[in-house]
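**Student:** What follows is protein_24.cif, made up of mmCIF, C-alpha atoms:
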```cif
data_structure
#
loop_
_atom_site.label_atom_id
_atom_site.label_comp_id
_atom_site.auth_asym_id
_atom_site.auth_seq_id
_atom_site.Cartn_x
_atom_site.Cartn_y
_atom_site.Cartn_z
CA MET A 1 15.97 -6.54 23.24
CA GLY A 2 17.55 -9.70 21.78
CA LEU A 3 18.41 -10.71 18.24
CA ILE A 4 16.22 -9.34 15.44
CA ARG A 5 16.46 -9.84 11.67
CA LEU A 6 18.48 -7.05 10.11
CA ASN A 7 15.80 -6.11 7.57
CA LYS A 8 13.28 -5.67 10.40
CA ILE A 9 15.68 -3.45 12.35
CA ILE A 10 16.08 -1.23 9.29
CA ALA A 11 12.31 -1.21 8.68
CA ASP A 12 11.53 -0.41 12.32
CA ALA A 13 13.88 2.57 12.10
CA GLY A 14 11.65 3.97 9.35
CA LEU A 15 14.31 3.83 6.67
CA ALA A 16 12.63 1.40 4.28
CA SER A 17 10.15 -1.43 4.02
CA ARG A 18 11.48 -4.92 4.74
CA ARG A 19 11.67 -5.72 1.04
CA SER A 20 13.60 -2.52 0.32
CA ALA A 21 15.80 -3.20 3.34
CA ASP A 22 16.72 -6.59 1.86
CA GLN A 23 17.86 -4.81 -1.28
CA LEU A 24 19.95 -2.36 0.75
CA ILE A 25 21.64 -5.36 2.38
CA LEU A 26 22.25 -7.14 -0.95
CA ASP A 27 23.69 -3.93 -2.39
CA GLY A 28 26.31 -3.85 0.39
CA ARG A 29 25.02 -0.61 1.86
CA VAL A 30 24.50 -1.96 5.40
CA SER A 31 27.23 -2.51 7.98
CA VAL A 32 27.15 -3.90 11.50
CA ASP A 33 29.94 -2.91 13.88
CA GLY A 34 31.94 -1.68 10.90
CA ASN A 35 31.55 -4.83 8.78
CA ILE A 36 29.44 -4.98 5.62
CA VAL A 37 26.66 -7.56 5.93
CA ILE A 38 25.17 -8.98 2.72
CA GLU A 39 23.58 -12.17 4.06
CA LEU A 40 19.79 -11.95 4.24
CA GLY A 41 18.30 -13.29 7.46
CA SER A 42 21.21 -12.19 9.66
CA LYS A 43 20.15 -11.25 13.17
CA PHE A 44 21.54 -8.59 15.49
CA ASP A 45 20.67 -6.68 18.64
CA PRO A 46 19.92 -3.03 17.76
CA GLU A 47 20.76 -2.00 21.34
CA THR A 48 24.28 -3.46 21.34
CA ASN A 49 25.27 -3.62 17.65
CA LYS A 50 26.13 -0.47 15.71
CA ILE A 51 24.13 -0.63 12.51
CA GLU A 52 24.80 1.79 9.66
CA VAL A 53 23.21 2.34 6.26
CA ASP A 54 25.35 4.23 3.74
CA GLY A 55 27.64 5.15 6.62
CA GLU A 56 24.86 6.75 8.69
CA SER A 57 24.01 5.24 12.07
CA LEU A 58 20.53 3.83 12.41
CA ASN A 59 18.41 5.53 15.04
CA PRO A 60 15.50 3.47 16.39
CA LEU A 61 12.19 5.27 16.09
CA LYS A 62 10.82 6.85 19.23
CA SER A 63 7.33 6.84 17.77
CA LYS A 64 5.59 5.49 14.73
CA THR A 65 3.26 7.32 12.38
CA TYR A 66 0.22 6.01 10.52
CA ILE A 67 -1.48 8.32 8.03
CA ALA A 68 -4.50 7.99 5.72
CA PHE A 69 -4.25 10.13 2.58
CA ASN A 70 -6.83 10.80 -0.13
CA LYS A 71 -4.65 10.65 -3.24
CA PRO A 72 -5.78 12.83 -6.12
CA ALA A 73 -5.82 11.47 -9.67
CA GLY A 74 -2.62 12.39 -11.52
CA VAL A 75 -0.34 11.85 -8.53
CA ILE A 76 2.11 8.94 -8.73
CA SER A 77 2.52 6.60 -5.76
CA THR A 78 6.14 7.35 -4.92
CA MET A 79 7.66 9.62 -2.28
CA SER A 80 9.84 11.40 -4.87
CA ASP A 81 10.24 11.48 -8.63
CA PRO A 82 13.43 12.23 -10.61
CA GLU A 83 11.28 13.40 -13.54
CA GLY A 84 9.58 16.02 -11.40
CA ARG A 85 6.11 14.52 -11.66
CA GLN A 86 3.63 15.20 -8.87
CA ASN A 87 4.03 12.50 -6.22
CA LEU A 88 2.97 11.60 -2.68
CA GLY A 89 6.07 13.20 -1.19
CA ASP A 90 4.93 16.62 -2.43
CA TYR A 91 2.14 16.52 0.16
CA PHE A 92 4.37 15.68 3.12
CA ARG A 93 7.46 17.84 2.68
CA GLU A 94 6.90 19.54 6.04
CA ARG A 95 7.21 16.28 7.98
CA LYS A 96 10.54 15.41 9.58
CA ASP A 97 9.88 11.67 9.84
CA ARG A 98 10.69 9.58 6.79
CA LEU A 99 7.43 8.18 5.43
CA PHE A 100 6.86 5.53 2.84
CA HIS A 101 3.62 4.48 1.21
CA VAL A 102 1.80 1.22 1.86
CA GLY A 103 0.94 -0.32 -1.50
CA ARG A 104 0.16 1.70 -4.58
CA LEU A 105 -2.59 3.35 -6.56
CA ASP A 106 -1.89 3.91 -10.24
CA LYS A 107 -1.50 7.49 -11.44
CA ASP A 108 -5.04 7.80 -12.79
CA SER A 109 -6.69 6.27 -9.71
CA GLU A 110 -7.54 8.15 -6.54
CA GLY A 111 -8.57 7.59 -2.98
CA LEU A 112 -7.20 5.99 0.14
CA ILE A 113 -3.52 5.20 0.51
CA LEU A 114 -1.66 4.71 3.78
CA LEU A 115 1.71 6.21 4.69
CA THR A 116 3.87 5.20 7.62
CA ASN A 117 7.38 5.00 9.03
CA ASP A 118 6.62 1.49 10.35
CA GLY A 119 8.37 -0.91 8.00
CA ASP A 120 6.88 -4.01 9.58
CA LEU A 121 3.33 -2.81 9.00
CA ALA A 122 4.14 -1.73 5.43
CA HIS A 123 5.58 -5.17 4.70
CA ARG A 124 2.65 -7.12 6.11
CA ALA A 125 -0.06 -4.86 4.68
CA THR A 126 1.20 -5.46 1.13
CA HIS A 127 2.09 -9.16 1.53
CA PRO A 128 -0.36 -11.48 -0.28
CA SER A 129 -0.50 -13.94 2.64
CA TYR A 130 -2.30 -11.40 4.83
CA GLY A 131 -4.84 -10.64 2.08
CA LEU A 132 -6.05 -7.25 3.28
CA GLU A 133 -9.31 -6.43 1.55
CA LYS A 134 -9.51 -3.24 -0.51
CA ARG A 135 -12.82 -1.74 -1.62
CA TYR A 136 -13.11 0.45 -4.71
CA LEU A 137 -15.83 2.66 -6.13
CA VAL A 138 -15.64 2.28 -9.89
CA GLU A 139 -17.34 4.36 -12.58
CA ILE A 140 -17.87 2.09 -15.58
CA GLU A 141 -18.74 2.81 -19.20
CA GLY A 142 -20.52 -0.15 -20.71
CA GLU A 143 -23.50 -2.41 -20.14
CA PHE A 144 -22.70 -3.75 -16.67
CA ASN A 145 -25.29 -6.18 -15.29
CA LYS A 146 -25.90 -9.12 -12.95
CA SER A 147 -24.07 -11.54 -15.22
CA ASN A 148 -20.96 -9.35 -14.99
CA VAL A 149 -21.27 -9.35 -11.22
CA ASP A 150 -21.30 -13.17 -11.29
CA GLN A 151 -18.30 -13.24 -13.66
CA LEU A 152 -16.21 -11.09 -11.30
CA LEU A 153 -17.17 -13.21 -8.30
CA GLN A 154 -16.43 -16.50 -10.09
CA GLY A 155 -13.13 -15.23 -11.50
CA VAL A 156 -11.85 -13.73 -14.73
CA ARG A 157 -8.82 -15.13 -16.54
CA LEU A 158 -6.17 -12.45 -17.12
CA GLU A 159 -2.78 -12.80 -18.81
CA ASP A 160 -1.12 -13.30 -15.41
CA GLY A 161 -3.69 -15.71 -14.01
CA LEU A 162 -7.19 -15.89 -12.59
CA ALA A 163 -8.46 -12.85 -10.67
CA ARG A 164 -11.58 -12.87 -8.53
CA ALA A 165 -13.53 -10.17 -6.68
CA LEU A 166 -14.72 -10.87 -3.15
CA LYS A 167 -17.79 -8.67 -3.38
CA VAL A 168 -19.48 -6.68 -6.17
CA VAL A 169 -22.36 -4.25 -5.67
CA ILE A 170 -24.01 -2.12 -8.37
CA VAL A 171 -24.41 1.14 -6.46
CA ARG A 172 -26.08 3.22 -9.17
CA SER A 173 -27.01 2.81 -12.82
CA ILE A 174 -27.13 6.23 -14.47
CA SER A 175 -28.01 4.73 -17.85
CA LYS A 176 -27.73 1.43 -19.68
CA ASN A 177 -24.05 2.15 -20.37
CA HIS A 178 -23.06 4.15 -17.29
CA HIS A 179 -22.76 2.60 -13.82
CA TRP A 180 -21.14 3.06 -10.41
CA VAL A 181 -20.02 -0.24 -8.90
CA GLU A 182 -18.32 -1.17 -5.63
CA ILE A 183 -15.71 -3.89 -6.01
CA THR A 184 -13.90 -5.51 -3.09
CA ILE A 185 -10.72 -7.45 -3.77
CA HIS A 186 -7.78 -8.62 -1.67
CA GLU A 187 -4.97 -8.83 -4.20
CA GLY A 188 -2.81 -6.00 -5.41
CA ARG A 189 -1.72 -6.96 -8.89
CA TYR A 190 -0.90 -4.13 -11.27
CA HIS A 191 -4.03 -2.32 -12.55
CA ILE A 192 -6.09 -5.30 -11.39
CA ILE A 193 -9.50 -3.55 -11.29
CA ARG A 194 -9.00 -1.80 -14.62
CA ARG A 195 -7.89 -5.02 -16.29
CA LEU A 196 -10.84 -6.96 -14.91
CA ILE A 197 -13.34 -4.44 -16.26
CA GLU A 198 -11.57 -4.20 -19.62
CA GLU A 199 -11.59 -7.99 -19.90
CA LEU A 200 -15.39 -7.79 -19.61
CA GLY A 201 -15.41 -5.41 -22.57
CA MET A 202 -16.01 -2.20 -20.62
CA LYS A 203 -14.03 0.88 -19.65
CA VAL A 204 -13.17 2.38 -16.25
CA LEU A 205 -13.91 6.11 -16.21
CA ARG A 206 -12.99 6.67 -12.57
CA LEU A 207 -11.50 4.49 -9.84
CA VAL A 208 -11.54 5.47 -6.15
CA ARG A 209 -10.25 3.28 -3.31
CA ILE A 210 -12.53 3.80 -0.34
CA ASP A 211 -11.33 1.09 2.06
CA PHE A 212 -7.92 -0.34 2.83
CA GLY A 213 -8.52 -3.21 5.25
CA PRO A 214 -10.29 -1.71 8.29
CA ILE A 215 -9.42 1.87 7.29
CA ASN A 216 -12.12 3.88 5.53
CA LEU A 217 -11.71 6.98 3.38
CA GLY A 218 -14.85 8.53 4.89
CA ASP A 219 -15.55 12.13 3.90
CA MET A 220 -11.90 13.21 3.74
CA LYS A 221 -11.39 15.66 0.88
CA VAL A 222 -9.07 14.96 -2.04
CA GLY A 223 -5.46 15.90 -1.25
CA ARG A 224 -6.03 15.89 2.51
CA HIS A 225 -4.67 13.49 5.11
CA ARG A 226 -5.28 12.50 8.72
CA VAL A 227 -3.45 10.48 11.36
CA LEU A 228 -5.12 7.15 12.11
CA ASN A 229 -6.77 6.98 15.51
CA GLU A 230 -5.92 4.37 18.15
CA VAL A 231 -8.86 2.11 17.27
CA GLU A 232 -7.92 2.09 13.57
CA VAL A 233 -4.29 1.24 14.33
CA THR A 234 -5.35 -1.53 16.72
CA ASN A 235 -7.72 -3.01 14.13
CA LEU A 236 -4.98 -2.89 11.50
CA PHE A 237 -2.48 -4.53 13.86
CA ASN A 238 -4.95 -7.28 14.72
CA LEU A 239 -5.63 -8.10 11.07
CA LEU A 240 -1.91 -8.13 10.28
CA LYS A 241 -1.10 -10.11 13.48
CA ILE A 242 1.30 -7.44 14.73
CA LYS A 243 1.90 -7.54 18.46
#
```
Before we go any further, please render this structure as structure tokens.

**Tutor:**
Amino acid sequence: MGLIRLNKIIADAGLASRRSADQLILDGRVSVDGNIVIELGSKFDPETNKIEVDGESLNPLKSKTYIAFNKPAGVISTMSDPEGRQNLGDYFRERKDRLFHVGRLDKDSEGLILLTNDGDLAHRATHPSYGLEKRYLVEIEGEFNKSNVDQLLQGVRLEDGLARALKVVIVRSISKNHHWVEITIHEGRYHIIRRLIEELGMKVLRLVRIDFGPINLGDMKVGRHRVLNEVEVTNLFNLLKIK
């Protein structure tokens, strides 16, 4: 197989994302052939080197899993929660493979979130350089009009820098102060859609992610999940330049 970066070996085994794997290494929890390795970027051969995390041998994955889940509002985007709050892991307790989520949706938001045991995909799908587009259906309270569309497309200055939507479509105007709007954006800053709308002087009543890159929520019911089909996985791999 040849030499591979240690964080990728850990990610490919489904134990953590590459970023989390780096932290495991820095924390001294990873050993190779009995020796603790704390240097990031170290390379090893998973077929000839014995790699352990917290004393447990790493087992390369025989297969990888890619799941689309329609997250309900009120569920936090973690696989467990020490405070006992409802989380993504509650919906996948029956699965034997260790899943982790790709990106996040805040607690009050709902819609499409991906789960996988493929650390490489999780790393790339959330890395800004790959810029996966995400499309949201947003229920807005306030007088949202064409000028607001132009503002979002040109960019809005937030406390952590300029943020810009890629596409904005007013889907339905229920009244002068009640609208449904589709917003497409590629970045994943914290509460980015909510902050953009609030900066325009309006309020988000509901926020649903309907696309994550080439993956579409479709008509999947809230709280349900499905395994991505071969075409979806291939499209995702192509966009993320995974071979």

**Student:** Once the PyMOL selection byres ((chain A and resi 119) around 7) has been applied to the shown file, what residues remain in the selection, as a PyMOL selection string?

**Tutor:** chain A and resi 11-12+14+16-18+117-118+120-123

**Student:** Next, write the just-selected residues to a file, as a PDB file, in the frame of the given file, keeping C-alpha atoms as the atom set.

**Tutor:**
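Here's the written file out.pdb:
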```pdb
ATOM      1  CA  ALA A  11      12.310  -1.210   8.680  1.00  0.00           C
ATOM      2  CA  ASP A  12      11.530  -0.410  12.320  1.00  0.00           C
ATOM      3  CA  GLY A  14      11.650   3.970   9.350  1.00  0.00           C
ATOM      4  CA  ALA A  16      12.630   1.400   4.280  1.00  0.00           C
ATOM      5  CA  SER A  17      10.150  -1.430   4.020  1.00  0.00           C
ATOM      6  CA  ARG A  18      11.480  -4.920   4.740  1.00  0.00           C
ATOM      7  CA  ASN A 117       7.380   5.000   9.030  1.00  0.00           C
ATOM      8  CA  ASP A 118       6.620   1.490  10.350  1.00  0.00           C
ATOM      9  CA  ASP A 120       6.880  -4.010   9.580  1.00  0.00           C
ATOM     10  CA  LEU A 121       3.330  -2.810   9.000  1.00  0.00           C
ATOM     11  CA  ALA A 122       4.140  -1.730   5.430  1.00  0.00           C
ATOM     12  CA  HIS A 123       5.580  -5.170   4.700  1.00  0.00           C
TER      13      HIS A 123
END
```

**Student:** How big is the axis-aligned box around the listed atoms of segment 97-115 of chain A once 6 Å is added on each side, and where is its centre? Give both in Å to one decimal, as JSON.

**Tutor:**
```
{"center_x": 1.1, "center_y": 5.7, "center_z": -1.5, "size_x": 31.3, "size_y": 24.0, "size_z": 34.6}
```

**Student:** Return as CSV the residues of segment 64-146 of chain A lying at most 12 Å from segment 218-235 of chain A, together with the closest atom-to-atom pair for each and the distance in Å to one decimal, counting only C-alpha atoms, with rows in chain order and ascending residue number.

**Tutor:**
```
residue,atom,partner,partner_atom,distance
A:Lys64,CA,A:Val233,CA,10.8
A:Thr65,CA,A:Val227,CA,7.5
A:Tyr66,CA,A:Leu228,CA,5.7
A:Ile67,CA,A:Val227,CA,4.4
A:Ala68,CA,A:Arg226,CA,5.5
A:Phe69,CA,A:His225,CA,4.2
A:Asn70,CA,A:Val222,CA,5.1
A:Lys71,CA,A:Gly223,CA,5.7
A:Pro72,CA,A:Val222,CA,5.7
A:Ala73,CA,A:Val222,CA,9.0
A:Gly74,CA,A:Gly223,CA,11.2
A:Val75,CA,A:Gly223,CA,9.8
A:Gln86,CA,A:Gly223,CA,11.9
A:Asn87,CA,A:Gly223,CA,11.2
A:Leu88,CA,A:Gly223,CA,9.6
A:Gly89,CA,A:Gly223,CA,11.8
A:Asp90,CA,A:Gly223,CA,10.5
A:Tyr91,CA,A:Gly223,CA,7.8
A:Phe92,CA,A:His225,CA,9.5
A:Ser109,CA,A:Val222,CA,11.8
A:Glu110,CA,A:Val222,CA,8.3
A:Gly111,CA,A:Val222,CA,7.4
A:Leu112,CA,A:Met220,CA,9.3
A:Ile113,CA,A:His225,CA,9.6
A:Leu114,CA,A:Leu228,CA,9.3
A:Leu115,CA,A:Val227,CA,9.5
A:Thr116,CA,A:Val227,CA,9.8
A:Asp118,CA,A:Val233,CA,11.6
A:Leu121,CA,A:Val233,CA,10.1
A:Leu132,CA,A:Asn235,CA,11.8
```

**Student:** Those residues with C-alpha atoms, as a short mmCIF file (atom, residue, chain, number, x, y, z; two decimals), in the coordinates of the input please?

**Tutor:**
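Saved to again09.cif:
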```
data_model
loop_
_atom_site.label_atom_id
_atom_site.label_comp_id
_atom_site.auth_asym_id
_atom_site.auth_seq_id
_atom_site.Cartn_x
_atom_site.Cartn_y
_atom_site.Cartn_z
CA LYS A 64 5.59 5.49 14.73
CA THR A 65 3.26 7.32 12.38
CA TYR A 66 0.22 6.01 10.52
CA ILE A 67 -1.48 8.32 8.03
CA ALA A 68 -4.50 7.99 5.72
CA PHE A 69 -4.25 10.13 2.58
CA ASN A 70 -6.83 10.80 -0.13
CA LYS A 71 -4.65 10.65 -3.24
CA PRO A 72 -5.78 12.83 -6.12
CA ALA A 73 -5.82 11.47 -9.67
CA GLY A 74 -2.62 12.39 -11.52
CA VAL A 75 -0.34 11.85 -8.53
CA GLN A 86 3.63 15.20 -8.87
CA ASN A 87 4.03 12.50 -6.22
CA LEU A 88 2.97 11.60 -2.68
CA GLY A 89 6.07 13.20 -1.19
CA ASP A 90 4.93 16.62 -2.43
CA TYR A 91 2.14 16.52 0.16
CA PHE A 92 4.37 15.68 3.12
CA SER A 109 -6.69 6.27 -9.71
CA GLU A 110 -7.54 8.15 -6.54
CA GLY A 111 -8.57 7.59 -2.98
CA LEU A 112 -7.20 5.99 0.14
CA ILE A 113 -3.52 5.20 0.51
CA LEU A 114 -1.66 4.71 3.78
CA LEU A 115 1.71 6.21 4.69
CA THR A 116 3.87 5.20 7.62
CA ASP A 118 6.62 1.49 10.35
CA LEU A 121 3.33 -2.81 9.00
CA LEU A 132 -6.05 -7.25 3.28
#
```

**Student:** Using atom CA of Asn59 of chain A and atom CA of Leu239 of chain A as the two end points, give the distance in Å to one decimal.

**Tutor:**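 Rounded to one decimal, the two atoms are 27.9 Å apart.
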
**Student:** Do a neighbour search on Glu159 of chain A at 12 Å with all atoms listed in the file, toss out local chain neighbours closer than 3 positions, and write the hits as a PyMOL selection string.

**Tutor:** chain A and resi 156+162-163+189-190+192+195-196+199

**Student:** Expand the PyMOL selection byres ((chain A and resi 181-187) around 10) into the explicit residue set it covers here, and present it as a PyMOL selection string.

**Tutor:** chain A and resi 126-140+144+149+152-153+163-173+178-180+188-190+192-193+207-213

**Student:** Measure the distance from atom CA of Val102 of chain A to atom CA of Ser20 of chain A in Å and round it to one decimal.

**Tutor:**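 We find that atom CA of Val102 of chain A and atom CA of Ser20 of chain A lie 12.5 Å from each other.
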
**Student:** Taking only C-alpha atoms into account, name the residue in A:Lys241, A:Arg5, A:Arg104, A:Arg206 that is nearest to Arg124 of chain A.

**Tutor:**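 Of all the options, A:Lys241 lies closest to Arg124 of chain A.
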
**Student:** Applied to this file, what does the PyMOL selection byres ((chain A and resi 32) around 10) return in terms of residues, put as JSON, numbers by chain?

**Tutor:** {"A": [6, 30, 31, 33, 34, 35, 36, 37, 44, 46, 49, 50, 51, 52, 53, 57]}

**Student:** Pick out the closest residue to Gly55 of chain A from this set: A:Lys243, A:Arg29, A:Lys43, A:Lys107. Count all atoms listed in the file.

**Tutor:** A:Arg29

**Student:** May I ask for the distance between atom CA of Arg157 of chain A and atom CA of His191 of chain A, given in Å to one decimal place?

**Tutor:** 14.2 Å

**Student:** May I ask which of the residues A:Leu200, A:Leu240, A:Arg98, A:Leu3 is the closest one to Thr48 of chain A, counting all atoms listed in the file?

**Tutor:**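 Among the listed residues, the smallest separation from Thr48 of chain A belongs to A:Leu3.
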
**Student:** From the options A:Lys203, A:Asn216, A:Gln23, A:Arg194, which residue's atoms come nearest to Leu236 of chain A, counting only C-alpha atoms?

**Tutor:**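 Of the candidates, the smallest distance to Leu236 of chain A is held by A:Asn216.
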
**Student:** So that I can look at just that part, could you write segment 159-218 of chain A with C-alpha atoms, as an mmCIF file, in the first residue's frame?

**Tutor:**
```
data_model
loop_
_atom_site.group_PDB
_atom_site.id
_atom_site.type_symbol
_atom_site.label_atom_id
_atom_site.label_comp_id
_atom_site.auth_asym_id
_atom_site.auth_seq_id
_atom_site.Cartn_x
_atom_site.Cartn_y
_atom_site.Cartn_z
ATOM 1 C CA GLU A 159 -18.326 40.826 12.484
ATOM 2 C CA ASP A 160 -16.052 38.067 11.154
ATOM 3 C CA GLY A 161 -15.783 39.385 7.613
ATOM 4 C CA LEU A 162 -17.692 39.685 4.360
ATOM 5 C CA ALA A 163 -20.216 36.944 3.544
ATOM 6 C CA ARG A 164 -21.804 36.500 0.144
ATOM 7 C CA ALA A 165 -24.567 34.256 -1.207
ATOM 8 C CA LEU A 166 -24.047 32.520 -4.538
ATOM 9 C CA LYS A 167 -27.710 32.478 -5.476
ATOM 10 C CA VAL A 168 -30.905 33.914 -3.954
ATOM 11 C CA VAL A 169 -34.434 33.135 -5.139
ATOM 12 C CA ILE A 170 -37.670 34.415 -3.596
ATOM 13 C CA VAL A 171 -39.759 31.249 -3.757
ATOM 14 C CA ARG A 172 -42.979 32.576 -2.238
ATOM 15 C CA SER A 173 -44.191 35.795 -0.647
ATOM 16 C CA ILE A 174 -47.042 35.012 1.733
ATOM 17 C CA SER A 175 -47.401 38.657 2.738
ATOM 18 C CA LYS A 176 -45.348 41.836 2.758
ATOM 19 C CA ASN A 177 -43.524 40.616 5.868
ATOM 20 C CA HIS A 178 -43.508 36.854 5.335
ATOM 21 C CA HIS A 179 -41.400 35.146 2.660
ATOM 22 C CA TRP A 180 -39.818 31.829 1.690
ATOM 23 C CA VAL A 181 -36.404 32.291 0.087
ATOM 24 C CA GLU A 182 -33.823 29.862 -1.307
ATOM 25 C CA ILE A 183 -30.253 30.829 -0.482
ATOM 26 C CA THR A 184 -27.201 29.025 -1.861
ATOM 27 C CA ILE A 185 -23.857 29.545 -0.164
ATOM 28 C CA HIS A 186 -20.557 27.678 -0.101
ATOM 29 C CA GLU A 187 -19.107 28.647 3.260
ATOM 30 C CA GLY A 188 -19.905 27.093 6.592
ATOM 31 C CA ARG A 189 -19.320 29.796 9.150
ATOM 32 C CA TYR A 190 -21.300 29.565 12.378
ATOM 33 C CA HIS A 191 -24.979 30.532 11.918
ATOM 34 C CA ILE A 192 -24.028 32.174 8.625
ATOM 35 C CA ILE A 193 -27.532 32.270 7.066
ATOM 36 C CA ARG A 194 -29.205 33.475 10.260
ATOM 37 C CA ARG A 195 -26.606 36.199 10.737
ATOM 38 C CA LEU A 196 -26.926 37.384 7.149
ATOM 39 C CA ILE A 197 -30.699 37.758 7.439
ATOM 40 C CA GLU A 198 -30.468 39.428 10.845
ATOM 41 C CA GLU A 199 -27.906 41.882 9.468
ATOM 42 C CA LEU A 200 -30.549 42.888 6.910
ATOM 43 C CA GLY A 201 -32.929 43.640 9.781
ATOM 44 C CA MET A 202 -35.103 40.539 9.446
ATOM 45 C CA LYS A 203 -35.676 37.316 11.356
ATOM 46 C CA VAL A 204 -35.328 33.664 10.323
ATOM 47 C CA LEU A 205 -38.417 31.689 11.340
ATOM 48 C CA ARG A 206 -37.317 28.393 9.820
ATOM 49 C CA LEU A 207 -34.138 27.168 8.127
ATOM 50 C CA VAL A 208 -33.976 23.936 6.116
ATOM 51 C CA ARG A 209 -30.900 22.706 4.228
ATOM 52 C CA ILE A 210 -32.108 21.047 1.045
ATOM 53 C CA ASP A 211 -28.833 20.479 -0.835
ATOM 54 C CA PHE A 212 -25.342 19.565 0.282
ATOM 55 C CA GLY A 213 -23.186 19.718 -2.833
ATOM 56 C CA PRO A 214 -24.699 17.246 -5.326
ATOM 57 C CA ILE A 215 -26.840 15.549 -2.660
ATOM 58 C CA ASN A 216 -30.486 16.590 -2.447
ATOM 59 C CA LEU A 217 -32.882 16.176 0.473
ATOM 60 C CA GLY A 218 -35.730 15.272 -1.897
#
```
